[in-house]
Each structure stands twice: as C-alpha cells, then as structure tokens.
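model_25.csv follows; it contains CSV, C-alpha atoms.
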```csv
chain,number,residue,atom,x,y,z
A,9,MET,CA,-12.6,-0.8,42.9
A,10,ILE,CA,-13.8,-3.2,40.2
A,11,VAL,CA,-16.0,-0.5,38.7
A,12,VAL,CA,-13.1,2.0,38.7
A,13,ALA,CA,-10.8,-0.5,37.0
A,14,LEU,CA,-13.5,-1.2,34.4
A,15,LEU,CA,-13.9,2.5,33.6
A,16,LEU,CA,-10.2,2.9,33.3
A,17,LEU,CA,-10.0,-0.1,30.9
A,18,LEU,CA,-12.8,1.4,28.8
A,19,SER,CA,-11.0,4.7,28.6
A,20,VAL,CA,-7.9,3.0,27.3
A,21,TYR,CA,-9.7,0.8,24.8
A,22,PRO,CA,-12.5,2.9,23.5
A,23,THR,CA,-15.4,1.4,21.7
A,24,GLU,CA,-14.9,0.9,18.0
A,25,GLN,CA,-16.1,3.7,15.7
A,26,ARG,CA,-17.0,2.4,12.2
A,27,VAL,CA,-16.7,5.0,9.4
A,28,ILE,CA,-18.7,2.8,7.0
A,29,SER,CA,-20.8,-0.1,8.4
A,30,ASN,CA,-22.5,-3.0,6.5
A,31,LEU,CA,-22.3,-1.4,3.1
A,32,ILE,CA,-23.7,-3.8,0.5
A,33,TRP,CA,-21.6,-3.7,-2.7
A,34,PRO,CA,-22.1,-3.6,-5.6
A,35,ARG,CA,-25.3,-1.6,-5.2
A,36,ASP,CA,-27.4,-3.9,-7.5
A,37,ARG,CA,-27.0,-6.6,-4.8
A,38,VAL,CA,-29.2,-4.8,-2.4
A,39,GLY,CA,-32.5,-6.7,-1.8
A,40,ARG,CA,-31.0,-9.9,-3.2
A,41,GLU,CA,-28.7,-10.8,-0.4
A,42,GLN,CA,-30.6,-14.0,0.6
A,43,PHE,CA,-29.9,-15.5,-2.9
A,44,LEU,CA,-26.2,-14.7,-2.8
A,45,THR,CA,-23.0,-15.6,-0.9
A,46,GLN,CA,-21.8,-13.0,1.5
A,47,VAL,CA,-18.2,-11.9,1.6
A,48,LYS,CA,-17.3,-9.7,4.6
A,49,VAL,CA,-14.8,-7.0,3.8
A,50,SER,CA,-13.0,-4.7,6.3
A,51,LEU,CA,-11.1,-1.6,5.3
A,52,ILE,CA,-8.6,-0.8,8.1
A,53,LEU,CA,-7.3,2.6,7.0
A,54,PRO,CA,-6.5,5.9,8.7
A,55,VAL,CA,-9.2,8.6,9.1
A,56,GLU,CA,-7.8,10.5,12.1
A,57,LEU,CA,-4.0,11.1,12.7
A,58,PRO,CA,-1.9,10.0,15.7
A,59,LYS,CA,-0.2,12.6,17.9
A,60,LEU,CA,3.2,11.9,16.3
A,61,ILE,CA,2.1,13.2,12.9
A,62,PRO,CA,1.4,16.9,12.3
A,63,ASN,CA,-2.3,17.7,12.1
A,64,ASP,CA,-2.0,19.3,8.7
A,65,THR,CA,-0.6,16.2,7.1
A,66,LYS,CA,-2.7,14.8,4.3
A,67,LEU,CA,-2.1,11.1,4.2
A,68,LEU,CA,-2.1,9.6,0.7
A,69,THR,CA,-3.3,6.4,2.3
A,70,SER,CA,-6.3,7.8,4.2
A,71,LEU,CA,-9.6,6.1,3.9
A,72,ASN,CA,-11.2,9.1,2.1
A,73,ARG,CA,-8.5,9.1,-0.5
A,74,VAL,CA,-8.1,5.4,-1.3
A,75,GLY,CA,-11.5,4.0,-0.3
A,76,PRO,CA,-13.1,5.0,-3.6
A,77,GLY,CA,-10.4,3.2,-5.5
A,78,ILE,CA,-11.1,-0.1,-3.6
A,79,LEU,CA,-14.8,0.1,-4.3
A,80,SER,CA,-14.1,1.0,-7.9
A,81,GLY,CA,-11.9,-2.1,-8.1
A,82,PHE,CA,-14.7,-4.3,-6.9
A,83,LEU,CA,-17.0,-2.8,-9.6
A,84,GLU,CA,-14.4,-3.6,-12.2
A,85,ALA,CA,-14.1,-7.1,-10.9
A,86,ASP,CA,-17.9,-7.4,-11.1
A,87,ARG,CA,-17.9,-6.3,-14.7
A,88,ARG,CA,-15.4,-9.0,-15.5
A,89,GLY,CA,-17.7,-11.6,-14.0
A,90,LEU,CA,-15.5,-12.3,-10.9
A,91,LEU,CA,-18.2,-11.6,-8.3
A,92,ASP,CA,-21.1,-13.5,-9.8
A,93,ASN,CA,-23.4,-14.9,-7.1
A,94,VAL,CA,-21.6,-12.8,-4.4
A,95,TYR,CA,-22.3,-9.7,-2.5
A,96,LEU,CA,-19.8,-7.7,-0.4
A,97,ASN,CA,-20.6,-6.5,3.1
A,98,ILE,CA,-18.1,-3.7,3.7
A,99,THR,CA,-17.1,-2.1,6.9
A,100,ALA,CA,-14.5,0.6,7.3
A,101,ARG,CA,-12.4,1.0,10.5
A,102,ASP,CA,-10.0,3.8,11.5
A,103,SER,CA,-6.5,2.5,11.9
A,104,ARG,CA,-5.2,6.0,13.1
A,105,CYS,CA,-2.0,5.2,11.3
A,106,ASP,CA,-0.4,3.9,14.5
A,107,ASN,CA,0.5,0.6,16.2
A,108,ILE,CA,-2.1,0.9,18.9
A,109,ARG,CA,-5.5,1.3,17.2
A,110,SER,CA,-4.6,-0.8,14.1
A,111,PRO,CA,-4.2,-4.1,15.9
A,112,LEU,CA,-7.3,-3.3,17.9
A,113,ARG,CA,-9.3,-2.8,14.6
A,114,TRP,CA,-7.8,-6.0,13.3
A,115,THR,CA,-9.1,-7.9,16.4
A,116,ASN,CA,-12.5,-6.3,15.9
A,117,ALA,CA,-12.5,-7.4,12.2
A,118,VAL,CA,-11.5,-11.0,13.2
A,119,LEU,CA,-14.3,-11.1,15.8
A,120,ASP,CA,-16.7,-9.9,13.2
A,121,LYS,CA,-15.6,-12.9,11.1
A,122,VAL,CA,-14.5,-10.9,8.0
A,123,ASN,CA,-13.1,-12.7,5.0
A,124,VAL,CA,-10.6,-10.1,3.8
A,125,VAL,CA,-9.0,-7.0,5.1
A,126,PHE,CA,-7.6,-4.1,3.0
A,127,GLY,CA,-4.9,-2.1,4.8
A,128,PRO,CA,-3.4,-1.0,7.0
A,129,SER,CA,-1.1,1.2,4.9
A,130,CYS,CA,1.2,3.0,7.4
A,131,GLU,CA,4.4,1.1,8.2
A,132,PHE,CA,3.9,0.9,12.0
A,133,SER,CA,0.2,0.1,11.8
A,134,LEU,CA,0.7,-2.7,9.3
A,135,ALA,CA,3.4,-4.7,11.1
A,136,PRO,CA,1.5,-5.9,14.2
A,137,VAL,CA,-1.5,-6.8,12.0
A,138,ALA,CA,0.6,-8.6,9.3
A,139,ARG,CA,2.2,-10.8,12.0
A,140,GLN,CA,-1.2,-12.1,13.0
A,141,VAL,CA,-2.4,-13.2,9.5
A,142,GLN,CA,-1.0,-16.7,9.8
A,143,PHE,CA,-3.1,-17.4,12.9
A,144,HIS,CA,-6.5,-16.5,11.2
A,145,ASN,CA,-8.2,-17.5,8.0
A,146,VAL,CA,-8.3,-13.9,6.8
A,147,SER,CA,-6.7,-12.5,3.7
A,148,LEU,CA,-4.7,-9.3,4.1
A,149,LEU,CA,-4.0,-7.0,1.2
A,150,THR,CA,-2.2,-3.6,1.3
A,151,ALA,CA,-0.7,-1.0,-0.8
A,152,GLY,CA,1.6,-0.1,2.1
A,153,GLY,CA,4.5,-2.2,3.5
A,154,MET,CA,7.1,-0.2,1.8
A,155,ALA,CA,9.9,-0.6,4.5
A,156,TRP,CA,12.5,-3.0,3.3
A,157,GLY,CA,11.7,-5.7,5.9
A,158,TYR,CA,8.4,-6.3,4.1
A,159,SER,CA,10.3,-7.5,1.0
A,160,ASP,CA,11.4,-10.7,2.8
A,161,GLN,CA,9.7,-14.0,1.6
A,162,LYS,CA,6.3,-14.7,3.0
A,163,ASN,CA,5.5,-18.2,1.8
A,164,ARG,CA,6.6,-20.2,4.9
A,165,ARG,CA,4.8,-20.5,8.2
A,166,ASP,CA,7.7,-19.1,10.2
A,167,ASP,CA,8.1,-16.1,8.0
A,168,GLU,CA,7.4,-12.9,9.9
A,169,PHE,CA,4.7,-11.6,7.5
A,170,TYR,CA,3.5,-14.9,6.2
A,171,MET,CA,0.8,-14.5,3.5
A,172,LEU,CA,0.8,-10.7,3.5
A,173,THR,CA,-0.1,-9.5,0.0
A,174,ARG,CA,1.3,-6.2,-1.2
A,175,THR,CA,0.2,-4.5,-4.4
A,176,GLY,CA,2.2,-1.3,-3.9
A,177,TYR,CA,5.8,0.0,-4.0
A,178,ASN,CA,8.8,-0.8,-1.8
A,179,PHE,CA,11.5,1.5,-0.7
A,180,LEU,CA,14.0,-1.2,-1.4
A,181,ASP,CA,13.2,-0.9,-5.1
A,182,THR,CA,14.2,2.8,-4.9
A,183,ALA,CA,17.4,1.8,-3.1
A,184,LYS,CA,18.2,-0.8,-5.9
A,185,MET,CA,17.7,1.9,-8.5
A,186,ILE,CA,20.1,4.2,-6.7
A,187,SER,CA,22.5,1.3,-6.4
A,188,SER,CA,22.4,0.6,-10.1
A,189,VAL,CA,23.2,4.3,-10.8
A,190,MET,CA,26.1,4.1,-8.3
A,191,GLU,CA,27.4,0.9,-10.0
A,192,GLU,CA,27.1,2.3,-13.6
A,193,MET,CA,28.9,5.5,-12.7
A,194,ASN,CA,31.5,3.6,-10.6
A,195,TRP,CA,30.7,5.5,-7.5
A,196,SER,CA,31.7,3.8,-4.2
A,197,ARG,CA,30.5,6.2,-1.5
A,198,LEU,CA,27.6,8.5,-0.7
A,199,ILE,CA,26.0,10.7,1.9
A,200,ILE,CA,22.4,10.2,3.0
A,201,ILE,CA,20.7,13.5,4.0
A,202,TYR,CA,17.4,13.1,5.7
A,203,ARG,CA,14.9,14.3,8.3
A,204,LYS,CA,13.4,11.1,9.7
A,205,THR,CA,9.9,12.4,10.2
A,206,ASP,CA,9.5,14.1,6.8
A,207,ARG,CA,7.2,12.7,4.1
A,208,ALA,CA,4.7,11.4,6.7
A,209,SER,CA,2.0,11.7,4.1
A,210,TRP,CA,3.4,8.7,2.3
A,211,SER,CA,3.4,6.0,5.0
A,212,GLY,CA,3.1,7.7,8.4
A,213,TYR,CA,5.7,8.3,11.1
A,214,LEU,CA,9.4,8.0,10.3
A,215,THR,CA,8.9,7.6,6.6
A,216,CYS,CA,12.2,9.1,5.5
A,217,SER,CA,13.9,6.9,8.1
A,218,HIS,CA,12.4,3.9,6.4
A,219,VAL,CA,13.5,5.1,3.0
A,220,MET,CA,17.1,5.6,4.2
A,221,SER,CA,17.2,2.3,6.0
A,222,ALA,CA,16.4,0.6,2.7
A,223,VAL,CA,19.2,2.6,1.0
A,224,VAL,CA,21.7,1.6,3.7
A,225,GLU,CA,20.7,-2.0,3.5
A,226,GLU,CA,21.2,-2.1,-0.3
A,227,MET,CA,24.5,-0.3,-0.1
A,228,LYS,CA,25.8,-2.8,2.3
A,229,LYS,CA,25.3,-5.5,-0.3
A,230,LYS,CA,27.2,-3.5,-2.9
A,231,GLN,CA,30.0,-2.5,-0.5
A,232,VAL,CA,29.2,1.2,-0.9
A,233,THR,CA,30.4,3.4,2.0
A,234,VAL,CA,27.6,5.5,3.5
A,235,GLN,CA,27.8,8.5,5.7
A,236,GLU,CA,24.8,10.4,7.0
A,237,ILE,CA,23.6,13.9,7.7
A,238,LYS,CA,20.6,13.9,10.0
A,239,LEU,CA,18.7,17.1,9.4
A,240,ASP,CA,16.9,16.6,12.8
A,241,MET,CA,20.3,17.3,14.4
A,242,THR,CA,21.8,19.8,12.0
A,243,ASP,CA,18.6,22.0,12.3
A,244,LYS,CA,19.8,22.7,15.8
A,245,MET,CA,23.5,23.2,15.0
A,246,TYR,CA,23.4,25.5,11.9
A,247,ASN,CA,21.6,28.7,11.1
A,248,ASN,CA,20.8,27.7,7.5
A,249,SER,CA,21.4,25.0,4.9
A,250,ALA,CA,24.4,26.8,3.4
A,251,ASP,CA,26.3,26.7,6.7
A,252,MET,CA,25.4,23.0,7.1
A,253,LEU,CA,26.6,22.1,3.6
A,254,THR,CA,29.8,24.1,3.9
A,255,ASP,CA,30.7,22.4,7.1
A,256,ARG,CA,29.5,18.8,6.6
A,257,LEU,CA,30.4,18.3,2.9
A,258,ALA,CA,33.9,19.6,3.6
A,259,GLU,CA,34.2,17.3,6.6
A,260,LEU,CA,32.9,14.2,4.8
A,261,ASN,CA,34.5,14.9,1.4
A,262,TYR,CA,31.8,13.0,-0.4
A,263,SER,CA,30.3,14.1,-3.8
A,264,ILE,CA,27.1,12.0,-4.0
A,265,SER,CA,24.1,12.8,-1.8
A,266,VAL,CA,20.8,11.0,-1.5
A,267,VAL,CA,18.1,13.2,0.1
A,268,CYS,CA,14.8,12.4,1.8
A,269,ALA,CA,13.1,15.5,3.2
A,270,SER,CA,10.1,17.7,2.7
A,271,LYS,CA,9.7,19.6,-0.6
A,272,GLU,CA,10.7,22.8,1.2
A,273,SER,CA,13.8,21.4,2.8
A,274,VAL,CA,15.1,19.8,-0.5
A,275,ARG,CA,14.5,23.1,-2.3
A,276,ASP,CA,16.4,25.0,0.5
A,277,ILE,CA,19.3,22.6,0.3
A,278,MET,CA,19.6,23.0,-3.5
A,279,LEU,CA,19.4,26.7,-3.2
A,280,ALA,CA,22.2,26.6,-0.7
A,281,ALA,CA,24.2,24.3,-3.0
A,282,ASP,CA,23.7,26.8,-5.8
A,283,GLN,CA,24.7,29.7,-3.5
A,284,LEU,CA,28.0,27.9,-2.6
A,285,GLY,CA,28.7,27.3,-6.2
A,286,ILE,CA,29.3,23.6,-5.7
A,287,LEU,CA,27.0,22.6,-8.6
A,288,ASP,CA,28.9,24.4,-11.3
A,289,SER,CA,31.7,21.9,-11.6
A,290,GLY,CA,29.5,18.9,-11.9
A,291,GLN,CA,31.4,17.2,-9.1
A,292,TYR,CA,28.4,17.1,-6.8
A,293,VAL,CA,25.3,15.0,-7.5
A,294,PHE,CA,22.1,15.1,-5.5
A,295,ILE,CA,19.5,12.2,-5.7
A,296,ASN,CA,16.1,13.3,-4.5
A,297,THR,CA,13.9,10.4,-3.3
A,298,ASP,CA,10.6,12.1,-4.1
A,299,ILE,CA,9.1,8.6,-4.5
A,300,LEU,CA,5.4,9.1,-4.3
A,301,THR,CA,4.9,12.7,-5.4
A,302,GLY,CA,7.5,13.2,-8.1
A,303,TYR,CA,5.4,11.4,-10.8
A,304,ARG,CA,2.9,14.3,-11.3
A,305,LYS,CA,2.7,15.9,-14.7
A,306,ASP,CA,3.0,19.4,-13.2
A,307,TYR,CA,6.0,18.4,-11.0
A,308,ARG,CA,8.0,21.5,-10.1
A,309,PRO,CA,10.0,21.0,-6.9
A,310,TRP,CA,11.9,24.2,-7.4
A,311,HIS,CA,8.8,26.4,-7.4
A,312,SER,CA,7.4,28.2,-4.3
A,313,ASP,CA,4.5,30.6,-4.5
A,314,GLN,CA,6.0,32.5,-1.6
A,315,SER,CA,9.3,33.2,-3.5
A,316,THR,CA,10.3,35.7,-6.1
A,317,ASN,CA,10.6,34.9,-9.8
A,318,GLU,CA,14.3,35.3,-9.5
A,319,GLU,CA,14.7,32.8,-6.6
A,320,ASN,CA,12.4,30.3,-8.4
A,321,ALA,CA,14.6,30.6,-11.5
A,322,ARG,CA,17.7,30.0,-9.4
A,323,ALA,CA,16.1,27.0,-7.7
A,324,LYS,CA,15.1,25.6,-11.1
A,325,ARG,CA,18.7,25.9,-12.2
A,326,ALA,CA,19.9,24.2,-9.1
A,327,PHE,CA,17.5,21.3,-9.7
A,328,SER,CA,19.1,20.6,-13.0
A,329,SER,CA,21.8,18.9,-11.0
A,330,VAL,CA,19.2,16.7,-9.2
A,331,LEU,CA,18.3,13.1,-10.1
A,332,THR,CA,14.7,12.3,-8.9
A,333,ALA,CA,13.7,8.8,-7.8
A,334,THR,CA,10.0,8.4,-8.2
A,335,VAL,CA,7.3,5.9,-9.2
A,336,MET,CA,5.8,5.6,-12.7
A,337,LEU,CA,2.1,5.2,-12.9
A,338,ASN,CA,0.7,2.6,-15.3
A,339,ARG,CA,-2.1,4.6,-17.0
A,340,THR,CA,-3.8,1.7,-18.9
A,341,LEU,CA,-6.7,1.9,-21.2
A,342,GLY,CA,-9.1,1.7,-18.3
A,343,TRP,CA,-7.5,4.6,-16.4
A,344,SER,CA,-10.1,7.2,-17.4
A,345,ARG,CA,-13.0,5.0,-16.4
A,346,TYR,CA,-11.3,4.3,-13.0
A,347,ARG,CA,-10.7,8.0,-12.3
A,348,GLU,CA,-14.3,9.0,-13.2
A,349,GLU,CA,-15.8,6.1,-11.2
A,350,SER,CA,-13.7,6.7,-8.2
A,351,ALA,CA,-14.6,10.4,-8.2
A,352,ASP,CA,-18.3,9.5,-8.3
A,353,ILE,CA,-17.9,7.1,-5.4
A,354,ALA,CA,-16.0,9.6,-3.4
A,355,LYS,CA,-18.8,12.2,-3.7
A,356,GLU,CA,-21.4,9.7,-2.8
A,357,LEU,CA,-19.8,7.8,0.1
A,358,PHE,CA,-16.8,9.8,1.3
A,359,ASP,CA,-18.1,13.3,2.0
A,360,ASP,CA,-14.9,14.4,3.8
A,361,VAL,CA,-12.9,14.4,0.5
A,362,GLU,CA,-11.4,17.7,-0.3
A,363,ASP,CA,-10.2,19.0,-3.6
A,364,ASP,CA,-6.5,18.6,-3.6
A,365,ASP,CA,-3.9,18.4,-6.3
A,366,ASP,CA,-2.2,15.4,-4.5
A,367,ASP,CA,-5.3,13.3,-5.1
A,368,GLU,CA,-4.8,13.3,-8.8
A,369,ASP,CA,-3.6,9.8,-9.8
A,370,ASN,CA,-3.0,8.8,-6.2
A,371,PRO,CA,-0.7,5.7,-6.5
A,372,PHE,CA,-2.1,4.1,-3.3
A,373,ALA,CA,-5.7,4.3,-4.5
A,374,ALA,CA,-4.7,2.8,-7.9
A,375,ASN,CA,-2.8,0.0,-6.2
A,376,LEU,CA,-5.6,-0.8,-3.9
A,377,HIS,CA,-8.0,-0.8,-6.9
A,378,ASP,CA,-5.8,-3.5,-8.3
A,379,ALA,CA,-5.8,-5.3,-5.0
A,380,ALA,CA,-9.6,-5.5,-5.1
A,381,ILE,CA,-9.5,-7.0,-8.5
A,382,LEU,CA,-6.7,-9.4,-7.5
A,383,TYR,CA,-8.7,-10.6,-4.4
A,384,SER,CA,-11.9,-11.0,-6.6
A,385,GLN,CA,-10.0,-13.2,-9.0
A,386,ALA,CA,-8.7,-15.4,-6.2
A,387,LEU,CA,-12.2,-15.6,-4.7
A,388,HIS,CA,-13.7,-16.5,-8.1
A,389,GLU,CA,-11.2,-19.3,-8.6
A,390,THR,CA,-11.7,-20.6,-5.1
A,391,MET,CA,-15.5,-20.7,-5.4
A,392,ALA,CA,-15.2,-22.4,-8.7
A,393,GLU,CA,-13.3,-25.4,-7.3
```
Please re-express this file's structure in structure tokens.
Amino acid sequence: MIVVALLLLLSVYPTEQRVISNLIWPRDRVGREQFLTQVKVSLILPVELPKLIPNDTKLLTSLNRVGPGILSGFLEADRRGLLDNVYLNITARDSRCDNIRSPLRWTNAVLDKVNVVFGPSCEFSLAPVARQVQFHNVSLLTAGGMAWGYSDQKNRRDDEFYMLTRTGYNFLDTAKMISSVMEEMNWSRLIIIYRKTDRASWSGYLTCSHVMSAVVEEMKKKQVTVQEIKLDMTDKMYNNSADMLTDRLAELNYSISVVCASKESVRDIMLAADQLGILDSGQYVFINTDILTGYRKDYRPWHSDQSTNEENARAKRAFSSVLTATVMLNRTLGWSRYREESADIAKELFDDVEDDDDDEDNPFAANLHDAAILYSQALHETMAE
C-alpha cells in the first residue's frame, strides 16, 4: 500500500524538467567561476501550455520568446559594469502558465537556493508565487502581473504581493485611459463586450476577463454605469454578430462599447456594426483593448487574408469608428543592439523559436530585458555596501 501511494504521489508531482540548467552567463565567465561570486538565477516561464489554453496559442510570455531578452539584459548590465566580479548560474523551469506547476517550480527554485527569479508572467501562475516572496530571501521580477489586483501597494509585510517587482504593463492603466476619455467626452455609461478566454497569448487563461475587471473597477471610482455583453453566452444565443448587436444594443440603449476579444471577433463585430448602419451617425463609439498587439507598425485589424478586397475595404471603413487602446514601445538608442543581440541568443540557446511576426518588438521581452538591468543595478549597489 505504501509503494502504491508513493507511485501515485510521484505521478501527481512529476520530477522537475529543467529547460536550461546551470548556464554560466555571461559566457566570458566560464572557467573563472572560482574567482567570482555566484548569483543563482531561475527563469520560471511557460514552455508547454495547460489544458485550459488552446494548443495553437503562442504565448508572448513564453520562455523561448522572452528568455533571449533577459540574457541580453544581463549582457547590457555587464557592459555597464554592474556585474563585475560576478557570474550568473541560470536555470530555466517550465511554469506551464498555470497555478499548479508554477508554485512547484518556485519551491524547486527556493530549495535550489536561488537568489532571484524572473517570472512567472501568466496571471494565475504568478499569484501563488508572489504571495510567497515575503517568506524567502529571494527577489521576484516579472513583466506580468497585469490584473488590477497587482497594482496594490507592496511595501508592507502584510501586503498580499509584498516586494513583487513588476516592469511591465497593467490593465488598470488601460482602464484609466478609457476613464479619461469618458470624462473628457462627458460620457457616463458604457457597455463592455468581451469573451473571457480570448487574448490568452497575452497573460494566459481568462485574459479578457482580467482586462474587463480592471475597467469595471476604474469605472466604479468614476461613477460610470457599466453593462456587459458576454460573448461566451451570446455565441450560443445568436447566429451572428449582427443579430447580437441588433438585439443587445437596442435593449441596453448605450452608445459607448469597450471590446476585448480575438482579432477575428472584433473584426466581425465591426463588420456587423457597419452592416447595421449604426456607425454612420457617429453616435456609437467602439474602444478596442488591443493592448499588447496594437502597437505594431503594420497593424491592420481590419484585414483578413481569407476575405475579399471588398470586405476588407468595408472592415477598414468600420474601424475608422474604433479607438484602440494599446501600449507604446520605448525604442531607445540601444534598441537595435538589443534586437540583434536577442536574435543571436535565441538562435544559440532557444532552438524552438519560430519565425513569427508577433515576435517583432515583443513588449514582454523588452520589459524583462529592463528587469535584468534593474536587478543587476540593485545587486551592484548591494555588493558595494
């Protein structure tokens, strides 16, 4: 019975699989470790996907896509003299973008006596790890933590995410931007239209639900009345978006809509709005929360390769009534060097990287690059004391 129980336990908690193990970084430290101070670094980032996320989802926060940015950040820190007399011993662990494997990987990292952890990035995988930081002498930096709850203060021992360091964006910032537009235009009510599981590539399961939770939270403060259209439910109730808009907009009688859904769904909604003629008067306004993909130089949300030129032209006209909430990348003087260096590291160490348009100027990779420099600066100042 004891043997059976042990086997069951092992099947539930499989042995750790390290994607990268004991990588000495920067490379010029190899062979000189005995003369330098070791800093143990753990990257807890997704490689495989959990069952709740579609298999074809390409996470912007995956190890293969942001790992090169982190290593490039350490090289930049070294060029600035922040890692003198130090070598990094780097291990990467698969968080699976869920709340089961991620805390297990955190425990493995703590037992391995790491000094700093980068990640997790997905909302549900970060929370259980971030709550443990205050009990261990381990730094935790992430480009995730975009749900509005992570915006609370973190400088008191009893704060939920005490000492968590975020270098990325926050959905609450998007909500505040929408709120400022509402206030400027003297709008006092809006509809949120969303499919809760869409945009999983940004931060994992229920991404759009997190986006809209931040919007609702901010609107409460501004006393803006909010109604909702859950596409998860209307998909089963209506044959198409035109029928849905005809019924629900007439029922709610609201003119301002904030949308969080897949690119295809947003395009379909705008085509339906154009078909119904509700955009011609200027009475209806749609705000598309394309937060982490709308920054691209070739951004064309109205275009579909599977559609005719006529339909794409109609969709483009419909999107002229859309306000897009998105991030703005800070392409500094060192941006070209960062891009080239990250690409070289990806080819050398991350052989699963595929050519993909979404990898161009990945904001998560850039923010984790900055996180590596930030940590190196703090380490340098601490060792100088």
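Shortest separation to A:Asn63 among A:Gly212, A:Gly157, A:Gly81, A:Pro128 occurs at residue A:Gly212, atoms counted being only C-alpha atoms.
Counting only C-alpha atoms and comparing A:Ala208, A:Leu79, A:Val234, A:Val124, the residue that lies closest to A:Cys105 is A:Ala208.
Atom pair atom CA of A:Gly285 / atom CA of A:Ala326: separated by 9.8 Å.
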Determine, counting only C-alpha atoms, every residue of protein, DNA or RNA that lies within 12 Å of (8.0, -14.1, 6.7) in the file coordinates, then give the result as an NGL selection string. :A and (135 or 138-142 or 157-173)
Give me the residues near stretch 337-345 of chain A as an MDAnalysis selection string, where near means some atom within 12 Å (using only C-alpha atoms) and where sequence neighbours in that chain fewer than 6 positions away do not count. chainID A and resid 77 80:81 83:84 176:177 299:305 351:352 368:375 377:378
Two-atom distance - atom CA of A:Leu51, atom CA of A:Ser103 (Å): 9.0 Å
